[in-house]
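So this block is entry29.csv, CSV, C-alpha atoms:
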```
chain,number,residue,atom,x,y,z
A,254,MET,CA,-15.9,18.9,-31.7
A,255,LYS,CA,-17.0,15.7,-29.8
A,256,LEU,CA,-14.0,14.2,-27.9
A,257,ILE,CA,-13.4,10.5,-28.1
A,258,ILE,CA,-10.6,10.1,-25.6
A,259,SER,CA,-9.6,11.8,-22.3
A,260,ILE,CA,-6.1,10.9,-21.1
A,261,ILE,CA,-5.8,11.5,-17.3
A,262,ILE,CA,-2.4,11.7,-15.6
A,263,PRO,CA,-2.4,12.1,-11.8
A,264,THR,CA,1.0,13.4,-10.7
A,265,PHE,CA,2.8,14.4,-7.5
A,266,ASN,CA,6.3,16.0,-7.3
A,267,ARG,CA,7.7,14.1,-10.3
A,268,ALA,CA,8.2,17.0,-12.8
A,269,ASN,CA,11.2,15.4,-14.5
A,270,GLN,CA,9.4,12.1,-15.2
A,271,LEU,CA,6.2,14.0,-16.2
A,272,THR,CA,8.2,16.0,-18.8
A,273,VAL,CA,9.2,12.7,-20.5
A,274,THR,CA,5.6,11.4,-20.4
A,275,LEU,CA,4.2,14.6,-21.9
A,276,ALA,CA,6.9,14.7,-24.6
A,277,SER,CA,5.8,11.2,-25.7
A,278,LEU,CA,2.2,12.5,-25.8
A,279,ALA,CA,3.3,15.5,-27.9
A,280,LYS,CA,4.4,13.0,-30.6
A,281,GLN,CA,0.9,11.4,-31.0
A,282,ASP,CA,-1.5,11.8,-33.9
A,283,TRP,CA,-3.5,14.8,-32.7
A,284,HIS,CA,-6.0,14.6,-35.6
A,285,ILE,CA,-7.8,12.3,-33.2
A,286,PRO,CA,-10.3,14.2,-31.0
A,287,ALA,CA,-8.7,13.9,-27.5
A,288,GLU,CA,-7.7,15.8,-24.5
A,289,VAL,CA,-5.0,15.4,-21.8
A,290,ILE,CA,-5.8,16.2,-18.2
A,291,VAL,CA,-3.0,16.5,-15.7
A,292,VAL,CA,-4.2,16.5,-12.1
A,293,ASP,CA,-1.5,17.9,-9.8
A,294,ASN,CA,-1.9,16.2,-6.4
A,295,GLY,CA,-0.3,19.0,-4.3
A,296,SER,CA,3.1,19.2,-5.9
A,297,THR,CA,5.7,21.6,-4.6
A,298,ASP,CA,8.1,21.3,-7.5
A,299,ASN,CA,7.7,22.9,-11.0
A,300,THR,CA,4.9,20.6,-12.2
A,301,LYS,CA,2.7,23.4,-13.3
A,302,ALA,CA,5.5,25.0,-15.3
A,303,VAL,CA,6.2,21.7,-17.0
A,304,VAL,CA,2.6,21.3,-18.1
A,305,GLU,CA,2.6,24.9,-19.5
A,306,GLN,CA,5.6,24.1,-21.6
A,307,PHE,CA,3.5,21.6,-23.6
A,308,GLU,CA,0.4,23.8,-24.2
A,309,THR,CA,1.4,24.5,-27.8
A,310,GLN,CA,2.4,20.9,-28.5
A,311,ILE,CA,-0.6,19.0,-27.0
A,312,PRO,CA,-4.1,20.2,-28.0
A,313,ASN,CA,-6.7,20.4,-25.3
A,314,LEU,CA,-4.1,20.1,-22.5
A,315,ILE,CA,-5.7,20.8,-19.1
A,316,TYR,CA,-4.0,21.4,-15.8
A,317,ARG,CA,-5.8,21.0,-12.5
A,318,TYR,CA,-4.5,21.4,-8.9
A,319,ASP,CA,-6.1,19.3,-6.1
A,320,ALA,CA,-4.0,18.8,-3.0
A,321,MET,CA,-6.2,16.1,-1.3
A,322,PRO,CA,-3.7,13.3,-0.6
A,323,GLY,CA,-3.9,10.0,-2.6
A,324,LEU,CA,-4.0,8.8,-6.2
A,325,LEU,CA,-7.8,8.7,-5.9
A,326,THR,CA,-7.8,12.5,-6.2
A,327,GLY,CA,-6.2,12.5,-9.6
A,328,ARG,CA,-8.3,9.7,-10.9
A,329,HIS,CA,-11.7,10.9,-9.8
A,330,HIS,CA,-11.1,14.6,-10.3
A,331,GLY,CA,-9.9,13.8,-13.8
A,332,ALA,CA,-12.8,11.6,-14.5
A,333,ALA,CA,-15.2,14.3,-13.3
A,334,ILE,CA,-14.1,16.9,-15.8
A,335,ALA,CA,-13.2,14.5,-18.6
A,336,ARG,CA,-15.2,15.1,-21.8
A,337,GLY,CA,-14.2,11.9,-23.6
A,338,GLU,CA,-16.2,8.7,-24.0
A,339,ILE,CA,-13.0,6.7,-23.4
A,340,LEU,CA,-10.8,7.4,-20.4
A,341,CYS,CA,-7.1,6.5,-20.3
A,342,PHE,CA,-5.4,6.7,-16.9
A,343,LEU,CA,-1.6,6.8,-17.2
A,344,ASP,CA,1.2,7.1,-14.6
A,345,ASP,CA,3.3,10.2,-14.8
A,346,ASP,CA,6.5,8.2,-15.5
A,347,VAL,CA,5.7,6.3,-18.7
A,348,ILE,CA,6.7,6.7,-22.4
A,349,LEU,CA,4.0,6.0,-25.0
A,350,ASN,CA,4.7,4.5,-28.4
A,351,GLN,CA,4.0,7.0,-31.1
A,352,GLU,CA,0.8,5.3,-32.3
A,353,TYR,CA,-0.7,4.8,-28.8
A,354,LEU,CA,-3.5,7.4,-29.2
A,355,LYS,CA,-4.4,6.1,-32.7
A,356,ASN,CA,-4.5,2.5,-31.5
A,357,LEU,CA,-6.5,3.4,-28.4
A,358,ALA,CA,-9.2,5.1,-30.5
A,359,GLU,CA,-9.4,2.2,-33.0
A,360,THR,CA,-9.5,-0.4,-30.2
A,361,PHE,CA,-12.7,1.0,-28.7
A,362,LEU,CA,-14.4,2.2,-31.8
A,363,ASN,CA,-13.9,-1.2,-33.5
A,364,ASP,CA,-15.2,-3.3,-30.6
A,365,LYS,CA,-18.4,-1.9,-29.0
A,366,ASN,CA,-18.4,-4.7,-26.5
A,367,LEU,CA,-15.0,-3.9,-25.1
A,368,HIS,CA,-15.0,-2.3,-21.6
A,369,LEU,CA,-11.4,-2.2,-20.6
A,370,ALA,CA,-8.0,-2.4,-22.3
A,371,THR,CA,-4.3,-2.3,-21.6
A,372,GLY,CA,-1.1,-3.1,-23.4
A,373,PRO,CA,2.5,-4.0,-22.9
A,374,CYS,CA,4.0,-2.2,-19.9
A,375,LEU,CA,7.7,-2.7,-20.5
A,376,PRO,CA,10.6,-1.7,-18.2
A,377,ASN,CA,12.7,1.4,-18.7
A,378,TYR,CA,15.3,0.6,-16.0
A,379,GLU,CA,17.4,3.4,-14.6
A,380,VAL,CA,20.1,0.9,-13.8
A,381,ASP,CA,20.7,-2.7,-14.6
A,382,PRO,CA,18.3,-4.8,-12.5
A,383,PRO,CA,19.7,-7.3,-9.9
A,384,GLN,CA,19.8,-10.9,-10.8
A,385,TRP,CA,17.3,-11.8,-8.0
A,386,LEU,CA,14.6,-9.8,-9.7
A,387,ALA,CA,14.1,-12.6,-12.3
A,388,HIS,CA,12.6,-14.7,-9.5
A,389,PHE,CA,9.7,-12.2,-9.2
A,390,TRP,CA,8.6,-12.4,-12.8
A,391,GLN,CA,5.6,-14.8,-13.3
A,392,HIS,CA,5.2,-16.8,-16.5
A,393,SER,CA,2.0,-18.0,-18.1
A,394,HIS,CA,0.9,-19.3,-21.5
A,395,THR,CA,0.3,-15.7,-22.6
A,396,GLY,CA,3.6,-14.2,-21.5
A,397,GLN,CA,5.2,-12.8,-18.4
A,398,TYR,CA,4.5,-10.2,-15.8
A,399,CYS,CA,6.0,-8.6,-12.7
A,400,GLY,CA,3.3,-7.1,-10.5
A,401,TRP,CA,6.0,-5.8,-8.1
A,402,LEU,CA,7.1,-3.2,-10.7
A,403,SER,CA,3.8,-3.0,-12.8
A,404,LEU,CA,5.4,-4.7,-15.8
A,405,LEU,CA,3.5,-6.8,-18.3
A,406,ASP,CA,4.4,-8.4,-21.6
A,407,PHE,CA,1.9,-10.8,-23.2
A,408,GLY,CA,3.5,-10.6,-26.6
A,409,HIS,CA,2.5,-9.3,-30.0
A,410,SER,CA,-1.0,-10.6,-30.4
A,411,GLU,CA,-4.3,-9.0,-29.3
A,412,ILE,CA,-5.9,-11.3,-26.7
A,413,GLU,CA,-8.7,-11.1,-24.1
A,414,VAL,CA,-7.4,-11.0,-20.6
A,415,ASP,CA,-8.7,-11.1,-17.0
A,416,PRO,CA,-9.7,-7.5,-16.1
A,417,ASN,CA,-7.3,-7.7,-13.1
A,418,PHE,CA,-4.4,-7.4,-15.6
A,419,VAL,CA,-5.6,-3.9,-16.6
A,420,TRP,CA,-3.3,-2.1,-14.2
A,421,GLY,CA,-3.4,1.6,-13.2
A,422,LEU,CA,-0.3,2.8,-15.1
A,423,ASN,CA,-2.0,1.8,-18.4
A,424,PHE,CA,-5.7,1.7,-17.6
A,425,CYS,CA,-8.2,2.3,-20.4
A,426,ILE,CA,-12.0,2.1,-19.8
A,427,ARG,CA,-15.2,3.5,-21.2
A,428,LYS,CA,-16.4,6.4,-19.0
A,429,LYS,CA,-19.9,4.8,-18.7
A,430,THR,CA,-18.3,1.6,-17.4
A,431,LEU,CA,-16.2,3.5,-14.9
A,432,ILE,CA,-19.3,5.1,-13.5
A,433,ASP,CA,-21.4,1.9,-13.6
A,434,LEU,CA,-18.8,0.1,-11.6
A,435,GLY,CA,-18.6,2.8,-9.0
A,436,GLY,CA,-15.2,4.2,-9.7
A,437,PHE,CA,-11.8,3.5,-8.2
A,438,HIS,CA,-10.9,2.7,-4.6
A,439,PRO,CA,-8.3,4.6,-2.5
A,440,ASP,CA,-4.7,4.1,-3.6
A,441,CYS,CA,-1.2,5.5,-2.9
A,442,ILE,CA,-2.3,7.0,0.4
A,443,PRO,CA,0.6,8.8,2.3
A,444,ASP,CA,2.2,6.8,5.0
A,445,ARG,CA,0.7,8.9,7.8
A,446,LEU,CA,-2.8,8.0,6.6
A,447,GLN,CA,-2.1,4.4,5.5
A,448,GLN,CA,-5.1,3.1,7.4
A,449,TYR,CA,-7.2,4.7,4.6
A,450,GLN,CA,-5.4,2.8,1.9
A,451,GLY,CA,-7.6,0.7,-0.4
A,452,ASP,CA,-7.2,-1.7,-3.3
A,453,GLY,CA,-7.1,1.0,-6.0
A,454,GLU,CA,-8.2,-0.3,-9.4
A,455,THR,CA,-8.6,-3.9,-8.2
A,456,GLY,CA,-11.9,-3.2,-6.5
A,457,LEU,CA,-13.2,-2.0,-9.9
A,458,THR,CA,-11.8,-4.8,-11.9
A,459,LEU,CA,-13.2,-7.4,-9.5
A,460,LYS,CA,-16.6,-5.9,-10.2
A,461,ALA,CA,-15.9,-6.1,-13.9
A,462,ILE,CA,-15.1,-9.8,-13.5
A,463,GLU,CA,-18.4,-10.4,-11.6
A,464,LYS,CA,-20.3,-8.7,-14.4
A,465,GLY,CA,-18.4,-10.6,-17.1
A,466,LEU,CA,-17.1,-7.5,-18.8
A,467,LYS,CA,-14.7,-7.8,-21.7
A,468,ALA,CA,-11.1,-6.7,-21.3
A,469,LYS,CA,-8.3,-6.9,-23.9
A,470,TYR,CA,-4.5,-6.7,-24.1
A,471,ILE,CA,-3.7,-4.6,-27.1
A,472,PRO,CA,0.0,-4.7,-28.3
A,473,GLY,CA,-0.5,-1.2,-29.8
A,474,LEU,CA,-1.1,0.2,-26.4
A,475,MET,CA,2.5,-0.3,-25.5
A,476,LEU,CA,4.4,1.9,-23.1
A,477,TYR,CA,7.7,2.0,-21.2
A,478,HIS,CA,7.5,2.3,-17.4
A,479,HIS,CA,10.3,4.1,-15.6
A,480,VAL,CA,11.9,1.8,-13.0
A,481,SER,CA,14.1,3.9,-10.7
A,482,LYS,CA,17.1,2.4,-9.0
A,483,GLN,CA,15.3,2.8,-5.7
A,484,ARG,CA,12.6,0.3,-6.8
A,485,LEU,CA,15.3,-2.3,-7.6
A,486,THR,CA,16.1,-2.8,-3.9
A,487,ILE,CA,14.9,-5.2,-1.2
A,488,GLU,CA,13.8,-2.3,0.9
A,489,TYR,CA,11.4,-1.1,-1.8
A,490,LEU,CA,9.9,-4.6,-2.2
A,491,LYS,CA,9.4,-4.8,1.6
A,492,LYS,CA,7.6,-1.5,1.6
A,493,ARG,CA,5.5,-2.7,-1.4
A,494,ALA,CA,4.7,-6.0,0.4
A,495,PHE,CA,3.5,-4.1,3.5
A,496,TYR,CA,1.4,-1.9,1.2
A,497,GLN,CA,0.0,-5.0,-0.5
A,498,GLY,CA,-0.9,-6.4,2.9
A,499,VAL,CA,-3.0,-3.3,3.6
A,500,CYS,CA,-4.7,-3.6,0.2
A,501,ASN,CA,-5.5,-7.3,0.8
A,502,SER,CA,-7.0,-6.5,4.1
A,503,TYR,CA,-9.2,-3.8,2.5
A,504,THR,CA,-10.4,-6.2,-0.2
A,505,ASP,CA,-11.2,-8.9,2.4
A,506,LEU,CA,-13.1,-6.5,4.6
A,507,ARG,CA,-15.3,-5.1,1.8
A,508,LYS,CA,-16.0,-8.7,0.8
A,509,HIS,CA,-16.7,-9.8,4.4
A,510,PRO,CA,-17.5,-6.6,6.3
A,511,LEU,CA,-18.3,-8.4,9.6
A,512,LYS,CA,-14.8,-9.9,9.8
A,513,THR,CA,-12.7,-7.9,12.3
A,514,SER,CA,-10.1,-10.5,13.2
A,515,THR,CA,-6.5,-9.2,13.1
A,516,LYS,CA,-5.4,-12.7,11.9
A,517,PRO,CA,-4.5,-12.6,8.2
A,518,ALA,CA,-6.6,-14.7,5.8
A,519,SER,CA,-5.0,-17.6,4.0
A,520,PHE,CA,-2.4,-16.5,1.6
A,521,ARG,CA,-3.9,-19.0,-0.9
A,522,ASN,CA,-7.0,-16.9,-1.2
A,523,ARG,CA,-5.4,-13.6,-2.2
A,524,ILE,CA,-7.4,-11.8,-4.8
A,525,ARG,CA,-4.9,-10.3,-7.2
A,526,PRO,CA,-3.5,-12.9,-9.6
A,527,TYR,CA,-0.3,-11.0,-10.2
A,528,TYR,CA,0.6,-11.2,-6.5
A,529,ARG,CA,0.6,-14.9,-6.3
A,530,TRP,CA,4.3,-14.7,-5.4
A,531,ILE,CA,3.3,-15.6,-1.8
A,532,LYS,CA,2.3,-19.1,-2.9
A,533,ARG,CA,5.9,-19.9,-3.5
A,534,LEU,CA,6.3,-20.2,0.2
A,535,PHE,CA,3.7,-23.0,0.4
A,536,VAL,CA,3.5,-24.7,-3.0
A,537,ALA,CA,6.5,-26.7,-4.3
A,538,GLN,CA,7.1,-25.7,-7.9
A,539,PRO,CA,9.8,-27.2,-10.1
A,540,THR,CA,11.5,-23.8,-10.7
A,541,ASN,CA,11.9,-23.4,-6.9
A,542,LYS,CA,13.2,-26.7,-5.9
A,543,ASN,CA,16.8,-25.4,-5.8
A,544,ILE,CA,16.0,-22.0,-4.5
A,545,SER,CA,19.0,-20.2,-3.2
A,546,PRO,CA,19.3,-19.1,0.5
A,547,GLU,CA,19.4,-15.5,-0.7
A,548,ILE,CA,16.1,-15.7,-2.6
A,549,LYS,CA,14.5,-17.6,0.3
A,550,ALA,CA,15.5,-14.9,2.7
A,551,ILE,CA,14.1,-12.3,0.5
A,552,ILE,CA,10.7,-14.1,0.2
A,553,ASP,CA,10.6,-14.7,4.0
A,554,ASN,CA,11.2,-10.9,4.6
A,555,LEU,CA,8.5,-10.0,2.1
A,556,ALA,CA,6.0,-12.5,3.6
A,557,THR,CA,6.6,-10.9,7.0
A,558,ALA,CA,6.1,-7.4,5.6
A,559,GLU,CA,2.9,-8.5,3.9
A,560,LYS,CA,1.5,-10.0,7.1
A,561,SER,CA,2.5,-6.8,9.0
A,562,GLY,CA,0.5,-4.7,6.5
A,563,TYR,CA,-2.5,-6.9,6.8
A,564,HIS,CA,-2.4,-6.9,10.6
A,565,PHE,CA,-1.9,-3.1,10.6
A,566,HIS,CA,-5.0,-2.5,8.6
A,567,GLN,CA,-7.2,-5.1,10.3
A,568,THR,CA,-6.3,-3.6,13.7
A,569,HIS,CA,-7.2,-0.1,12.6
A,570,PHE,CA,-10.5,-1.4,11.2
A,571,SER,CA,-11.4,-3.2,14.3
A,572,ARG,CA,-10.6,-0.3,16.7
A,573,GLU,CA,-11.6,2.8,14.8
A,574,ALA,CA,-15.1,3.6,13.7
A,575,GLU,CA,-13.8,6.3,11.3
A,576,VAL,CA,-11.7,3.7,9.4
A,577,ARG,CA,-14.6,1.2,9.3
A,578,LYS,CA,-16.9,3.9,7.8
A,579,TRP,CA,-14.3,4.7,5.2
A,580,VAL,CA,-13.5,1.1,4.2
A,581,LEU,CA,-17.2,0.3,3.8
A,582,LYS,CA,-18.3,3.4,1.7
A,583,ASN,CA,-20.4,2.5,-1.3
A,584,ASP,CA,-18.1,4.6,-3.5
A,585,TYR,CA,-15.4,7.2,-3.4
A,586,TRP,CA,-16.6,9.9,-5.9
A,587,ASP,CA,-16.3,12.2,-2.8
A,588,TYR,CA,-12.6,11.5,-2.2
A,589,GLN,CA,-12.3,13.7,0.8
A,590,LEU,CA,-10.1,11.8,3.3
A,591,PRO,CA,-11.0,11.7,7.0
A,592,SER,CA,-8.6,13.3,9.4
A,593,THR,CA,-7.0,15.7,6.9
```
What do you get writing this file as structure tokens?
Amino acid sequence: MKLIISIIIPTFNRANQLTVTLASLAKQDWHIPAEVIVVDNGSTDNTKAVVEQFETQIPNLIYRYDAMPGLLTGRHHGAAIARGEILCFLDDDVILNQEYLKNLAETFLNDKNLHLATGPCLPNYEVDPPQWLAHFWQHSHTGQYCGWLSLLDFGHSEIEVDPNFVWGLNFCIRKKTLIDLGGFHPDCIPDRLQQYQGDGETGLTLKAIEKGLKAKYIPGLMLYHHVSKQRLTIEYLKKRAFYQGVCNSYTDLRKHPLKTSTKPASFRNRIRPYYRWIKRLFVAQPTNKNISPEIKAIIDNLATAEKSGYHFHQTHFSREAEVRKWVLKNDYWDYQLPST
């Protein structure tokens, strides 16, 4: 039987969340030719046993173990063994609506010119979110989104979107397109190897934009994303801002490889549209005229963390030949990290 879809789930020590994700997959319409590939990124918990529990509920369920650190391992290992024409990369802490698989197949089969797709990524909060979080939701004519927590809601209508809104937790792409665009860039690198962090799926979607490839937001590709109480803290946002600074440096250096200055580029020129939060510091907006001292303090702290991450990465790039070689690789199909 020719497979249409390969669902790829990289995971690392999150067996409890993975259980919920696989349970939602077990409820899909498995008359559709598809497979699920779980790539265990070196877990020390009971991840393998969790996957085995679903072998009778999910047809073509595949478990692979690959301990090379970083999300790139799960993505590229999964893509390498995937047999489907359509690849769907999911986080290990999401809950799919029951018609997700059916809608995914129809989306790509009905539109041969479609290259990428995503859908609503709605919050499944572990605890009630703090009031200040509302400030970090961005609003547009299509809907709202919070890049800090990978949340996206553009409503109930199918629309074309900028490929940069196809985020890693709900990332659907033709396999041929993934290969043609050179695959993903490094992502979710452990802290001890943070100088090798890249811009993840953004590097790929930037290439998709350059080539004018079509991307869509499909309401039927709706999922719920687990938001732990730890992510609803200022400390988490500061860590995320530092991480984003590293990602921004990586993007800038690949675009302008001769640049080795440790001075961050203008915040106005950041690539990722859903991280435009930093512009709030420089551009007067009606909604921010009466910004509270608490929110201003949070933004100032995050700006400092972002600059620190940018400086950290630029410094390693300028001083270490190994880092420069890694950042400027043509592609990362060989995802073997240096210094491991």
*asked:* List the spatial neighbours of A:Leu349 as an NGL selection string - criterion: any atom at most 8 Å away, all atoms listed in the file, same-chain residues fewer than 5 positions off excluded.
replied: :A and (274 or 277-278 or 474-477)
*asked:* For A:Ala556, find every residue with an atom within 8 Å (counting only C-alpha atoms), except residues of its own chain fewer than 3 positions away, and show them as a list in words.
replied: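 That gives Ala494, Ile531, Ile552, Asp553, Glu559 and Lys560 of chain A.
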*From the set A:Asn366, A:Thr264, A:Asn583, A:Thr395, which residue has the shortest atom-to-atom contact distance to A:Ala320, counting only C-alpha atoms?*
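Among the listed residues, A:Thr264 lies closest to A:Ala320.
Of the listed residues (A:Thr486, A:Gln589, A:Gln351, A:Ser571), A:Gln351 comes nearest to A:Trp283; the distances count only C-alpha atoms.
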_atom CA of A:Gly456 to atom CA of A:Ser481, distance in Å rounded to a single decimal_ =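 About the pair atom CA of A:Gly456 and atom CA of A:Ser481: they are 27.3 Å apart.
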*Between A:Ser561, A:Ser393, A:Gln384, A:Thr458, which is the closest to A:Ile548 once you count all atoms listed in the file?*
A:Gln384
Missing atoms of stretch 319-329 of chain A rebuilt to all heavy atoms, written as a PDB file, keeping the file's coordinate frame:
```pdb
ATOM      1  N   ASP A 319      -5.207  19.839  -7.187  1.00  0.00           N
ATOM      2  CA  ASP A 319      -6.100  19.300  -6.100  1.00  0.00           C
ATOM      3  C   ASP A 319      -5.163  18.661  -5.090  1.00  0.00           C
ATOM      4  O   ASP A 319      -4.599  17.601  -5.358  1.00  0.00           O
ATOM      5  CB  ASP A 319      -7.104  18.361  -6.651  1.00  0.00           C
ATOM      6  CG  ASP A 319      -8.191  18.025  -5.637  1.00  0.00           C
ATOM      7  OD1 ASP A 319      -7.903  18.056  -4.425  1.00  0.00           O
ATOM      8  OD2 ASP A 319      -9.326  17.721  -6.061  1.00  0.00           O
ATOM      9  N   ALA A 320      -5.009  19.262  -3.927  1.00  0.00           N
ATOM     10  CA  ALA A 320      -4.000  18.800  -3.000  1.00  0.00           C
ATOM     11  C   ALA A 320      -4.509  17.701  -2.029  1.00  0.00           C
ATOM     12  O   ALA A 320      -3.751  17.275  -1.149  1.00  0.00           O
ATOM     13  CB  ALA A 320      -3.540  19.996  -2.113  1.00  0.00           C
ATOM     14  N   MET A 321      -5.748  17.220  -2.185  1.00  0.00           N
ATOM     15  CA  MET A 321      -6.200  16.100  -1.300  1.00  0.00           C
ATOM     16  C   MET A 321      -5.298  14.910  -1.538  1.00  0.00           C
ATOM     17  O   MET A 321      -5.142  14.441  -2.663  1.00  0.00           O
ATOM     18  CB  MET A 321      -7.652  15.768  -1.688  1.00  0.00           C
ATOM     19  CG  MET A 321      -8.228  14.600  -0.876  1.00  0.00           C
ATOM     20  SD  MET A 321      -8.135  14.816   0.915  1.00  0.00           S
ATOM     21  CE  MET A 321      -9.019  16.364   1.139  1.00  0.00           C
ATOM     22  N   PRO A 322      -4.671  14.385  -0.478  1.00  0.00           N
ATOM     23  CA  PRO A 322      -3.700  13.300  -0.600  1.00  0.00           C
ATOM     24  C   PRO A 322      -4.290  12.037  -1.254  1.00  0.00           C
ATOM     25  O   PRO A 322      -5.449  11.707  -1.032  1.00  0.00           O
ATOM     26  CB  PRO A 322      -3.237  13.023   0.808  1.00  0.00           C
ATOM     27  CG  PRO A 322      -3.560  14.263   1.567  1.00  0.00           C
ATOM     28  CD  PRO A 322      -4.805  14.811   0.935  1.00  0.00           C
ATOM     29  N   GLY A 323      -3.476  11.347  -2.043  1.00  0.00           N
ATOM     30  CA  GLY A 323      -3.900  10.000  -2.600  1.00  0.00           C
ATOM     31  C   GLY A 323      -4.139  10.065  -4.076  1.00  0.00           C
ATOM     32  O   GLY A 323      -4.610  11.053  -4.643  1.00  0.00           O
ATOM     33  N   LEU A 324      -3.841   8.940  -4.714  1.00  0.00           N
ATOM     34  CA  LEU A 324      -4.000   8.800  -6.200  1.00  0.00           C
ATOM     35  C   LEU A 324      -5.501   8.904  -6.557  1.00  0.00           C
ATOM     36  O   LEU A 324      -5.814   9.309  -7.686  1.00  0.00           O
ATOM     37  CB  LEU A 324      -3.478   7.433  -6.591  1.00  0.00           C
ATOM     38  CG  LEU A 324      -3.553   7.052  -8.065  1.00  0.00           C
ATOM     39  CD1 LEU A 324      -2.872   8.097  -8.944  1.00  0.00           C
ATOM     40  CD2 LEU A 324      -2.932   5.686  -8.285  1.00  0.00           C
ATOM     41  N   LEU A 325      -6.399   8.567  -5.654  1.00  0.00           N
ATOM     42  CA  LEU A 325      -7.800   8.700  -5.900  1.00  0.00           C
ATOM     43  C   LEU A 325      -8.212  10.085  -6.370  1.00  0.00           C
ATOM     44  O   LEU A 325      -9.093  10.277  -7.205  1.00  0.00           O
ATOM     45  CB  LEU A 325      -8.624   8.269  -4.687  1.00  0.00           C
ATOM     46  CG  LEU A 325     -10.136   8.137  -4.816  1.00  0.00           C
ATOM     47  CD1 LEU A 325     -10.496   7.020  -5.784  1.00  0.00           C
ATOM     48  CD2 LEU A 325     -10.759   7.863  -3.452  1.00  0.00           C
ATOM     49  N   THR A 326      -7.528  11.088  -5.821  1.00  0.00           N
ATOM     50  CA  THR A 326      -7.800  12.500  -6.200  1.00  0.00           C
ATOM     51  C   THR A 326      -7.638  12.700  -7.677  1.00  0.00           C
ATOM     52  O   THR A 326      -8.537  13.207  -8.357  1.00  0.00           O
ATOM     53  CB  THR A 326      -6.869  13.420  -5.402  1.00  0.00           C
ATOM     54  OG1 THR A 326      -7.110  13.274  -4.009  1.00  0.00           O
ATOM     55  CG2 THR A 326      -7.091  14.871  -5.813  1.00  0.00           C
ATOM     56  N   GLY A 327      -6.485  12.308  -8.194  1.00  0.00           N
ATOM     57  CA  GLY A 327      -6.200  12.500  -9.600  1.00  0.00           C
ATOM     58  C   GLY A 327      -7.183  11.732 -10.499  1.00  0.00           C
ATOM     59  O   GLY A 327      -7.649  12.225 -11.531  1.00  0.00           O
ATOM     60  N   ARG A 328      -7.474  10.499 -10.090  1.00  0.00           N
ATOM     61  CA  ARG A 328      -8.300   9.700 -10.900  1.00  0.00           C
ATOM     62  C   ARG A 328      -9.771  10.186 -10.946  1.00  0.00           C
ATOM     63  O   ARG A 328     -10.362  10.307 -12.017  1.00  0.00           O
ATOM     64  CB  ARG A 328      -8.309   8.224 -10.360  1.00  0.00           C
ATOM     65  CG  ARG A 328      -7.007   7.513 -10.654  1.00  0.00           C
ATOM     66  CD  ARG A 328      -6.926   6.152  -9.989  1.00  0.00           C
ATOM     67  NE  ARG A 328      -5.788   5.386 -10.515  1.00  0.00           N
ATOM     68  CZ  ARG A 328      -5.404   4.208 -10.034  1.00  0.00           C
ATOM     69  NH1 ARG A 328      -6.054   3.665  -9.018  1.00  0.00           N
ATOM     70  NH2 ARG A 328      -4.371   3.576 -10.562  1.00  0.00           N
ATOM     71  N   HIS A 329     -10.350  10.492  -9.793  1.00  0.00           N
ATOM     72  CA  HIS A 329     -11.700  10.900  -9.800  1.00  0.00           C
ATOM     73  C   HIS A 329     -11.940  12.369 -10.146  1.00  0.00           C
ATOM     74  O   HIS A 329     -12.961  12.725 -10.741  1.00  0.00           O
ATOM     75  CB  HIS A 329     -12.371  10.575  -8.421  1.00  0.00           C
ATOM     76  CG  HIS A 329     -12.762   9.133  -8.296  1.00  0.00           C
ATOM     77  ND1 HIS A 329     -13.405   8.620  -7.201  1.00  0.00           N
ATOM     78  CD2 HIS A 329     -12.614   8.100  -9.165  1.00  0.00           C
ATOM     79  CE1 HIS A 329     -13.622   7.327  -7.390  1.00  0.00           C
ATOM     80  NE2 HIS A 329     -13.151   6.997  -8.575  1.00  0.00           N
TER      81      HIS A 329
END
```
